[in-house]
$ cat my_file-v1.txt   # compact mmCIF, C-alpha atoms
# COMPACT_ATOMS: atom_id res chain seq x y z
CA MET A 693 -15.87 -149.10 10.45
CA THR A 694 -18.70 -146.85 9.19
CA HIS A 695 -19.04 -143.33 10.53
CA THR A 696 -22.29 -141.93 11.77
CA ALA A 697 -20.75 -138.46 12.23
CA SER A 698 -19.15 -136.17 9.68
CA PRO A 699 -15.41 -136.66 9.29
CA ASP A 700 -12.88 -134.22 10.67
CA ALA A 701 -10.44 -135.10 7.90
CA ILE A 702 -10.75 -136.54 4.40
CA VAL A 703 -7.72 -138.24 2.87
CA VAL A 704 -7.77 -138.66 -0.90
CA GLY A 705 -5.84 -141.81 -1.79
CA ALA A 706 -5.40 -145.10 0.07
CA GLY A 707 -1.90 -145.90 -1.11
CA ILE A 708 0.77 -146.21 1.52
CA VAL A 709 1.21 -142.45 1.97
CA GLY A 710 -2.53 -141.88 2.27
CA ALA A 711 -2.90 -144.83 4.63
CA ALA A 712 -0.10 -143.53 6.84
CA CYS A 713 -1.62 -140.03 6.89
CA ALA A 714 -5.04 -141.44 7.78
CA ALA A 715 -3.56 -143.48 10.62
CA ALA A 716 -1.62 -140.49 11.96
CA LEU A 717 -4.66 -138.19 11.88
CA ALA A 718 -6.81 -140.85 13.55
CA GLY A 719 -4.12 -141.00 16.22
CA GLU A 720 -4.76 -137.30 16.79
CA GLY A 721 -8.36 -138.14 17.64
CA MET A 722 -9.80 -137.13 14.28
CA ARG A 723 -12.58 -138.98 12.49
CA VAL A 724 -11.00 -139.80 9.12
CA LEU A 725 -12.62 -140.70 5.81
CA VAL A 726 -10.34 -142.14 3.13
CA LEU A 727 -11.51 -141.99 -0.48
CA GLU A 728 -9.76 -144.29 -2.94
CA ALA A 729 -10.59 -144.42 -6.65
CA GLY A 730 -9.35 -148.00 -6.93
CA ILE A 731 -8.53 -150.43 -4.16
CA ALA A 732 -6.68 -149.69 -0.93
CA GLY A 733 -2.98 -150.41 -1.29
CA GLY A 734 -3.21 -150.39 -5.09
CA GLY A 735 -1.93 -147.91 -7.67
CA THR A 736 1.66 -146.77 -7.30
CA THR A 737 1.93 -148.54 -3.95
CA ALA A 738 1.23 -151.92 -5.52
CA ALA A 739 3.66 -151.18 -8.35
CA GLY A 740 6.63 -150.26 -6.14
CA MET A 741 9.67 -152.21 -4.99
CA GLY A 742 9.00 -151.84 -1.30
CA HIS A 743 12.43 -150.64 -0.28
CA LEU A 744 12.94 -148.82 3.01
CA VAL A 745 16.19 -147.07 2.32
CA VAL A 746 18.05 -144.06 3.66
CA MET A 747 18.88 -141.71 0.79
CA ASP A 748 21.19 -138.71 0.82
CA ASP A 749 20.74 -136.80 -2.42
CA SER A 750 20.13 -133.74 -0.24
CA PRO A 751 20.18 -132.95 3.49
CA ALA A 752 16.37 -132.76 3.49
CA GLN A 753 16.05 -136.14 1.80
CA LEU A 754 18.49 -137.65 4.29
CA ALA A 755 16.53 -136.24 7.24
CA LEU A 756 13.17 -137.51 5.96
CA THR A 757 14.30 -140.97 4.90
CA ALA A 758 16.41 -141.61 8.01
CA TRP A 759 13.53 -140.59 10.27
CA SER A 760 11.09 -142.75 8.35
CA VAL A 761 13.30 -145.85 8.31
CA ARG A 762 13.56 -145.51 12.12
CA LEU A 763 9.78 -145.33 12.34
CA TRP A 764 9.40 -148.43 10.16
CA ARG A 765 11.83 -150.33 12.37
CA GLU A 766 9.81 -149.33 15.45
CA MET A 767 6.73 -150.79 13.76
CA ALA A 768 8.50 -153.92 12.53
CA PRO A 769 7.65 -156.18 15.52
CA PHE A 770 3.95 -155.49 14.91
CA LEU A 771 3.86 -155.94 11.13
CA PRO A 772 1.77 -158.97 10.08
CA PRO A 773 3.05 -161.68 7.71
CA PRO A 774 1.33 -160.11 4.66
CA ALA A 775 3.65 -157.11 5.04
CA GLU A 776 6.61 -159.46 4.33
CA TRP A 777 9.07 -157.49 6.47
CA ASP A 778 12.68 -158.38 5.64
CA PRO A 779 15.47 -156.50 7.47
CA CYS A 780 17.96 -157.41 4.74
CA GLY A 781 19.86 -154.12 4.67
CA THR A 782 21.16 -152.36 1.57
CA LEU A 783 24.48 -152.73 -0.22
CA TRP A 784 25.49 -149.70 -2.29
CA VAL A 785 27.82 -151.33 -4.81
CA ALA A 786 30.92 -149.53 -6.11
CA GLU A 787 32.41 -150.52 -9.45
CA ASP A 788 35.80 -148.80 -9.22
CA ALA A 789 38.16 -146.78 -7.03
CA ALA A 790 36.41 -143.50 -7.79
CA GLN A 791 33.12 -144.92 -6.57
CA MET A 792 34.84 -146.34 -3.50
CA ALA A 793 35.89 -142.80 -2.62
CA ALA A 794 32.20 -141.89 -2.82
CA VAL A 795 31.42 -144.88 -0.57
CA HIS A 796 33.78 -143.56 2.10
CA ALA A 797 32.25 -140.08 1.83
CA LYS A 798 28.78 -141.56 2.14
CA ALA A 799 29.84 -143.56 5.19
CA ALA A 800 31.20 -140.40 6.85
CA LEU A 801 27.96 -138.55 6.14
CA TYR A 802 25.90 -141.41 7.57
CA ARG A 803 28.11 -141.49 10.66
CA SER A 804 27.52 -137.79 11.22
CA ALA A 805 23.76 -138.41 10.97
CA GLY A 806 23.83 -141.34 13.39
CA ILE A 807 23.09 -143.94 10.71
CA ARG A 808 24.87 -147.28 10.99
CA SER A 809 26.93 -148.32 7.99
CA GLU A 810 29.99 -150.39 7.16
CA VAL A 811 32.45 -150.09 4.28
CA LEU A 812 33.13 -153.44 2.59
CA ASP A 813 36.19 -154.03 0.44
CA ALA A 814 36.10 -156.24 -2.64
CA ALA A 815 36.65 -159.46 -0.69
CA ALA A 816 34.04 -158.64 1.94
CA LEU A 817 31.52 -157.74 -0.78
CA ALA A 818 32.14 -161.03 -2.59
CA ALA A 819 31.57 -162.91 0.67
CA ALA A 820 28.39 -160.98 1.41
CA GLU A 821 26.95 -161.43 -2.11
CA PRO A 822 28.80 -164.22 -3.96
CA ARG A 823 26.63 -163.92 -7.10
CA LEU A 824 27.86 -160.44 -7.86
CA ARG A 825 30.38 -160.32 -10.69
CA PRO A 826 34.09 -160.50 -9.77
CA GLY A 827 36.13 -157.32 -9.85
CA LEU A 828 33.77 -154.95 -8.09
CA ALA A 829 35.58 -152.51 -5.82
CA GLY A 830 33.43 -152.83 -2.70
CA ALA A 831 30.26 -151.45 -1.18
CA LEU A 832 28.62 -149.62 1.67
CA LEU A 833 26.42 -151.81 3.85
CA VAL A 834 23.50 -150.01 5.52
CA PRO A 835 22.18 -152.74 7.84
CA ASP A 836 19.07 -150.97 9.11
CA ASP A 837 17.48 -150.62 5.66
CA ALA A 838 14.77 -153.16 4.89
CA VAL A 839 12.26 -154.44 2.35
CA LEU A 840 8.53 -155.07 2.68
CA TYR A 841 5.45 -155.76 0.56
CA PRO A 842 3.80 -152.34 0.15
CA PRO A 843 0.10 -153.30 -0.22
CA GLY A 844 0.26 -155.49 2.88
CA ALA A 845 1.97 -152.71 4.83
CA ALA A 846 -0.54 -150.07 3.69
CA LEU A 847 -3.52 -152.17 4.79
CA HIS A 848 -1.82 -152.83 8.12
CA LEU A 849 -1.38 -149.12 8.86
CA VAL A 850 -5.13 -148.53 8.65
CA ARG A 851 -6.01 -151.73 10.49
CA ALA A 852 -3.58 -150.99 13.33
CA ALA A 853 -4.96 -147.48 13.75
CA ARG A 854 -8.50 -148.87 14.01
CA GLU A 855 -7.41 -151.45 16.56
CA ALA A 856 -5.88 -148.64 18.61
CA GLY A 857 -9.28 -146.94 18.68
CA GLY A 858 -8.91 -144.69 15.67
CA ALA A 859 -11.99 -143.77 13.65
CA ILE A 860 -11.17 -144.50 10.00
CA GLU A 861 -13.52 -145.32 7.17
CA VAL A 862 -12.06 -146.37 3.79
CA ARG A 863 -14.25 -146.14 0.70
CA GLU A 864 -12.86 -147.99 -2.29
CA GLY A 865 -14.01 -147.19 -5.81
CA ALA A 866 -14.69 -143.61 -4.67
CA ARG A 867 -13.17 -141.31 -7.27
CA VAL A 868 -12.74 -137.72 -6.12
CA ASP A 869 -13.65 -135.24 -8.84
CA ALA A 870 -12.55 -132.02 -7.15
CA ILE A 871 -11.04 -130.60 -3.99
CA GLU A 872 -12.29 -127.21 -2.77
CA ALA A 873 -11.96 -125.25 0.45
CA GLY A 874 -13.17 -127.58 3.20
CA ALA A 875 -14.76 -130.18 0.95
CA VAL A 876 -14.39 -132.70 -1.85
CA SER A 877 -16.76 -133.78 -4.61
CA SER A 878 -17.05 -137.53 -5.15
CA GLY A 879 -19.66 -139.34 -7.22
CA GLY A 880 -21.97 -136.34 -7.22
CA GLU A 881 -21.74 -136.00 -3.43
CA ARG A 882 -20.16 -133.07 -1.62
CA LEU A 883 -18.28 -134.20 1.48
CA ALA A 884 -17.10 -131.61 3.97
CA ALA A 885 -14.23 -131.71 6.47
CA ALA A 886 -11.96 -129.16 8.10
CA VAL A 887 -8.88 -130.99 6.79
CA ILE A 888 -8.54 -132.33 3.25
CA VAL A 889 -5.34 -134.26 2.42
CA ASN A 890 -4.42 -134.78 -1.23
CA ALA A 891 -2.42 -138.01 -1.16
CA ALA A 892 -3.41 -139.10 -4.65
CA GLY A 893 0.13 -139.78 -5.86
CA ALA A 894 0.78 -139.09 -9.51
CA ALA A 895 -2.87 -138.10 -9.93
CA ALA A 896 -2.63 -135.35 -7.29
CA PRO A 897 -2.36 -132.47 -9.82
CA ARG A 898 -5.74 -133.39 -11.28
CA LEU A 899 -7.28 -132.39 -7.96
CA THR A 900 -4.90 -129.57 -7.06
CA PRO A 901 -4.15 -127.57 -10.20
CA ASP A 902 -0.59 -126.26 -10.59
CA LEU A 903 0.78 -128.87 -8.21
CA PRO A 904 4.25 -129.56 -9.68
CA VAL A 905 4.03 -133.36 -9.80
CA VAL A 906 4.52 -135.37 -12.99
CA PRO A 907 4.19 -139.14 -13.58
CA ARG A 908 7.42 -141.00 -14.29
CA LYS A 909 6.85 -144.55 -15.47
CA GLY A 910 8.92 -147.30 -13.90
CA HIS A 911 9.29 -150.98 -14.84
CA LEU A 912 9.85 -153.93 -12.52
CA VAL A 913 10.53 -157.60 -13.20
CA ILE A 914 10.05 -160.47 -10.76
CA THR A 915 11.55 -163.91 -11.15
CA ASP A 916 10.48 -167.40 -10.23
CA ARG A 917 11.51 -168.60 -6.78
CA ALA A 918 15.25 -168.70 -6.21
CA PRO A 919 15.74 -168.73 -2.42
CA GLY A 920 19.05 -167.28 -1.28
CA PHE A 921 20.00 -165.92 -4.70
CA CYS A 922 20.71 -162.55 -3.10
CA ARG A 923 20.85 -161.65 0.56
CA HIS A 924 20.59 -157.86 0.59
CA GLN A 925 18.95 -155.16 -1.40
CA LEU A 926 21.59 -154.31 -4.00
CA VAL A 927 21.87 -150.88 -5.58
CA GLU A 928 24.57 -149.47 -7.81
CA LEU A 929 26.23 -146.41 -6.37
CA GLY A 930 25.57 -144.61 -9.64
CA TYR A 931 21.86 -144.64 -8.75
CA LEU A 932 22.57 -141.71 -6.46
CA THR A 933 24.23 -139.56 -9.09
CA SER A 934 23.12 -139.93 -12.69
CA ALA A 935 21.25 -143.20 -13.03
CA HIS A 936 17.85 -141.63 -12.31
CA ALA A 937 18.30 -138.04 -13.40
CA SER A 938 15.15 -135.95 -13.42
CA THR A 939 14.96 -135.72 -17.21
CA GLY A 940 14.97 -138.40 -19.89
CA ASP A 941 14.87 -142.18 -19.63
CA SER A 942 17.20 -144.13 -17.39
CA VAL A 943 17.90 -147.55 -15.94
CA ALA A 944 19.84 -148.56 -12.85
CA PHE A 945 20.83 -151.77 -11.08
CA ASN A 946 18.53 -152.40 -8.13
CA VAL A 947 17.74 -155.96 -6.99
CA GLN A 948 16.00 -157.22 -3.87
CA PRO A 949 15.29 -160.56 -2.27
CA ARG A 950 11.65 -161.20 -1.46
CA ARG A 951 10.22 -163.23 1.39
CA THR A 952 8.66 -165.48 -1.23
CA GLY A 953 12.13 -166.53 -2.41
CA GLN A 954 11.74 -164.53 -5.61
CA VAL A 955 14.06 -161.81 -6.86
CA LEU A 956 12.69 -158.38 -7.75
CA ILE A 957 14.66 -156.56 -10.45
CA GLY A 958 14.62 -152.82 -11.14
CA SER A 959 14.73 -150.13 -11.95
CA SER A 960 13.82 -147.67 -14.68
CA ARG A 961 12.41 -144.18 -15.14
CA GLU A 962 10.66 -142.92 -18.24
CA LEU A 963 8.78 -139.72 -19.01
CA ALA A 964 5.92 -141.24 -21.03
CA GLY A 965 2.86 -139.39 -19.78
CA TRP A 966 0.18 -141.87 -18.71
CA ASP A 967 1.17 -144.60 -21.18
CA ALA A 968 1.23 -147.71 -18.98
CA ALA A 969 2.38 -150.09 -21.72
CA VAL A 970 5.53 -152.13 -21.10
CA ASN A 971 8.45 -150.62 -23.01
CA ARG A 972 10.37 -153.72 -24.02
CA GLY A 973 13.43 -151.71 -24.98
CA ILE A 974 13.63 -150.21 -21.49
CA VAL A 975 13.10 -153.65 -19.94
CA ARG A 976 15.92 -155.13 -22.02
CA ARG A 977 18.24 -152.30 -20.95
CA MET A 978 17.25 -152.77 -17.32
CA LEU A 979 17.86 -156.52 -17.40
CA ARG A 980 21.20 -156.09 -19.18
CA ARG A 981 22.25 -153.61 -16.52
CA ALA A 982 21.23 -156.01 -13.75
CA ALA A 983 22.99 -158.97 -15.39
CA GLY A 984 26.12 -156.84 -15.71
CA PHE A 985 26.30 -156.84 -11.92
CA MET A 986 24.80 -160.30 -11.29
CA PRO A 987 25.42 -162.55 -14.31
CA GLY A 988 23.41 -165.39 -12.79
CA LEU A 989 20.20 -163.39 -13.14
CA GLY A 990 20.11 -164.44 -16.77
CA ALA A 991 19.45 -168.04 -15.71
CA LEU A 992 16.36 -167.14 -13.68
CA SER A 993 12.89 -167.19 -15.20
CA ALA A 994 11.11 -163.84 -15.27
CA ILE A 995 7.45 -164.55 -14.53
CA ARG A 996 6.01 -161.02 -14.56
CA VAL A 997 6.82 -157.52 -15.83
CA TRP A 998 4.78 -154.48 -14.84
CA THR A 999 4.80 -150.70 -14.81
CA GLY A 1000 3.74 -148.03 -12.38
CA PHE A 1001 3.73 -144.24 -12.23
CA ARG A 1002 6.02 -142.54 -9.71
CA PRO A 1003 4.87 -139.03 -8.72
CA ALA A 1004 7.97 -136.90 -9.34
CA THR A 1005 8.95 -133.34 -8.48
CA ALA A 1006 11.70 -131.26 -10.07
CA ASP A 1007 13.84 -131.17 -6.92
CA SER A 1008 13.24 -134.84 -5.95
CA LEU A 1009 11.60 -133.86 -2.66
CA PRO A 1010 7.96 -134.55 -1.81
CA LEU A 1011 5.35 -131.89 -1.17
CA ILE A 1012 4.20 -132.09 2.44
CA GLY A 1013 2.19 -129.31 4.04
CA PRO A 1014 -0.60 -126.80 3.42
CA TRP A 1015 -1.69 -125.76 -0.07
CA GLU A 1016 -2.34 -122.14 0.69
CA ARG A 1017 -4.40 -121.50 -2.45
CA THR A 1018 -7.13 -123.81 -1.13
CA PRO A 1019 -7.92 -123.24 2.57
CA GLY A 1020 -8.03 -126.48 4.51
CA CYS A 1021 -6.18 -128.43 1.81
CA TRP A 1022 -2.97 -130.24 2.69
CA ILE A 1023 -0.61 -132.03 0.32
CA ALA A 1024 1.21 -135.35 0.82
CA ALA A 1025 2.41 -136.15 -2.69
CA GLY A 1026 5.41 -136.11 -5.03
CA HIS A 1027 7.46 -138.86 -3.36
CA GLU A 1028 8.48 -140.53 -6.65
CA GLY A 1029 10.20 -143.82 -5.71
CA LEU A 1030 10.42 -143.08 -1.99
CA GLY A 1031 6.78 -143.10 -0.98
CA ILE A 1032 7.10 -146.51 0.67
CA THR A 1033 10.20 -145.46 2.58
CA THR A 1034 8.90 -142.08 3.68
CA ALA A 1035 5.22 -142.77 4.36
CA PRO A 1036 5.45 -142.85 8.19
CA ALA A 1037 7.60 -139.70 8.42
CA THR A 1038 5.40 -137.91 5.89
CA ALA A 1039 2.37 -138.71 8.03
CA ARG A 1040 4.05 -137.60 11.26
CA LEU A 1041 5.26 -134.38 9.65
CA LEU A 1042 1.80 -133.61 8.28
CA ALA A 1043 0.05 -134.45 11.55
CA ASP A 1044 2.44 -132.19 13.47
CA LEU A 1045 1.82 -129.30 11.09
CA ILE A 1046 -1.95 -129.74 11.22
CA ALA A 1047 -1.81 -129.88 15.04
CA GLY A 1048 0.43 -126.79 15.21
CA ARG A 1049 3.38 -128.66 16.71
CA THR A 1050 7.04 -128.31 15.78
CA PRO A 1051 7.97 -131.41 13.74
CA ALA A 1052 11.04 -133.54 14.41
CA ILE A 1053 12.66 -132.29 11.19
CA ASP A 1054 12.56 -128.96 9.37
CA PRO A 1055 9.39 -128.90 7.24
CA ALA A 1056 10.49 -125.99 5.04
CA PRO A 1057 12.20 -128.03 2.28
CA PHE A 1058 8.96 -129.97 1.74
CA ALA A 1059 6.56 -127.02 1.79
CA PRO A 1060 4.24 -127.06 -1.23
CA SER A 1061 4.49 -123.27 -1.27
CA ARG A 1062 8.01 -123.58 -2.71
CA ALA A 1063 6.31 -124.38 -6.01
CA ARG A 1064 4.43 -121.09 -6.27
CA ALA A 1065 7.11 -119.46 -8.35
CA ALA A 1066 7.30 -122.38 -10.76

$ encode --input "my_file-v1.txt" --output "structure tokens"
Amino acid sequence: MTHTASPDAIVVGAGIVGAACAAALAGEGMRVLVLEAGIAGGGTTAAGMGHLVVMDDSPAQLALTAWSVRLWREMAPFLPPPAEWDPCGTLWVAEDAAQMAAVHAKAALYRSAGIRSEVLDAAALAAAEPRLRPGLAGALLVPDDAVLYPPGAALHLVRAAREAGGAIEVREGARVDAIEAGAVSSGGERLAAAVIVNAAGAAAPRLTPDLPVVPRKGHLVITDRAPGFCRHQLVELGYLTSAHASTGDSVAFNVQPRRTGQVLIGSSRELAGWDAAVNRGIVRRMLRRAAGFMPGLGALSAIRVWTGFRPATADSLPLIGPWERTPGCWIAAGHEGLGITTAPATARLLADLIAGRTPAIDPAPFAPSRARAA
């Protein structure tokens, strides 16, 4: 769709967060222009695992991810085949009795938040995922978590909004050079709008100086087809505590089945600036960690390894809300590895704030203004 009128809102970035924000603002009756330096659904979105997972590192993170997973499940019946929706659920795997105590605590917290979960003992875990190594203590099953293919989902969000009558134009290959009050500069052109949304992921600080977002490189490996090799998304319980600490390099066991029959293996974090090269040492560590939980992974053929940059914040919460230093500028960035999960809730939260409504969850923990003292 091409606009003949000036946009009411400009969204910078057509990854899944930007796409969700554009769809939500179009649903408010705004004319929305999306500017994407690359291709829609590319960048960090195309480099992610595609997990839709409730996380509970903090009460704010739990509120945002739980809300967003519910929104994804509401959309699930309308997602097209390219989105590769798979309601496989997540198993948080415990290695020992101490981690099983954490599983029970996590289950109690989820219960209090109205999130379905089930504690599996060692035998039940072995039955659920027979290719896991023997001797694991158990797991927490979160059945409403899911997996999808992020680029396909991002494109669907925009397409569905258009089909519902929303006015959205997406310009690919349109690098934004600067954001100012009520306008952006792109390719020598000044484009004005009352609302400017910086959803440029790890590149967001280039357009909004002092935005506390840094790129953290992650590696992923995908195997040849092995249908049925694993049935759920599998994550080590240690992922929640120290596996992906905010400083230094780390690896953690995280494996998912894909609709294609392949197995996607993660995950890693590395503070390497914008160096996109594959770090073979990190990949070896990541694969050893995965094979320590699923020994049979070593027999599968890895057909591709790639990296992507996760936009990280110091407190592991995204920045969602107004950037008060630039009137009319709003931020939807800093989601690190949870941008796929939280895209719909981020968009709803932002749309509510822009419209002056009270959001479904407390927006204060996500306010970009919390970074002013940093």

$ atom_distance --input "my_file-v1.txt" --atom1 "CA of Leu849 (chain A)" --atom2 "CA of Thr952 (chain A)"
21.7 Å

$ closest_residue --input "my_file-v1.txt" --among "A:Leu912, A:Leu817, A:Ala1047, A:Val761" --to "Val943 (chain A)" --atoms "only C-alpha atoms"
A:Leu912

$ residues_around --input "my_file-v1.txt" --residues "Val906 (chain A)" --least-positions-apart "5" --cutoff "8 Å" --atoms "all atoms listed in the file" --output "count of residues only"
4

$ atom_distance --input "my_file-v1.txt" --atom1 "CA of Pro699 (chain A)" --atom2 "CA of Leu1030 (chain A)"
28.9 Å

$ axis_aligned_box --input "my_file-v1.txt" --around "region 775-794 of chain A" --padding-each-side "6 Å" --output "JSON"
{"center_x": 20.9, "center_y": -150.7, "center_z": -1.0, "size_x": 46.5, "size_y": 29.6, "size_z": 28.9}

$ atom_distance --input "my_file-v1.txt" --atom1 "CA of Gly965 (chain A)" --atom2 "CA of Ala1006 (chain A)"
15.4 Å

$ residues_near_point --input "my_file-v1.txt" --point "(13.5, -132.9, 13.9)" --cutoff "10 Å" --atoms "all atoms listed in the file" --output "JSON, numbers by chain"
{"A": [755, 756, 759, 1041, 1050, 1051, 1052, 1053, 1054, 1055]}

$ residues_around --input "my_file-v1.txt" --residues "Ala1035 (chain A)" --least-positions-apart "3" --cutoff "12 Å" --atoms "all atoms listed in the file" --output "number ranges by chain"
A: 706-716, 737, 742-745, 756-764, 842, 845-846, 849, 891, 893, 1010, 1012, 1024-1032, 1038-1042

$ residues_around --input "my_file-v1.txt" --residues "Ile914 (chain A)" --least-positions-apart "6" --cutoff "9 Å" --atoms "only C-alpha atoms" --output "count of residues only"
11

$ residues_near_point --input "my_file-v1.txt" --point "(25.5, -160.0, -10.1)" --cutoff "9 Å" --atoms "all atoms listed in the file" --output "PyMOL selection string"
chain A and resi 821-826+922+982-989

$ closest_residue --input "my_file-v1.txt" --among "A:Glu872, A:Glu881, A:Asp1007, A:Glu776" --to "Pro949 (chain A)" --atoms "all atoms listed in the file"
A:Glu776

$ closest_residue --input "my_file-v1.txt" --among "A:Ser959, A:Ser878, A:Ser809, A:Thr1034" --to "Val726 (chain A)" --atoms "only C-alpha atoms"
A:Ser878
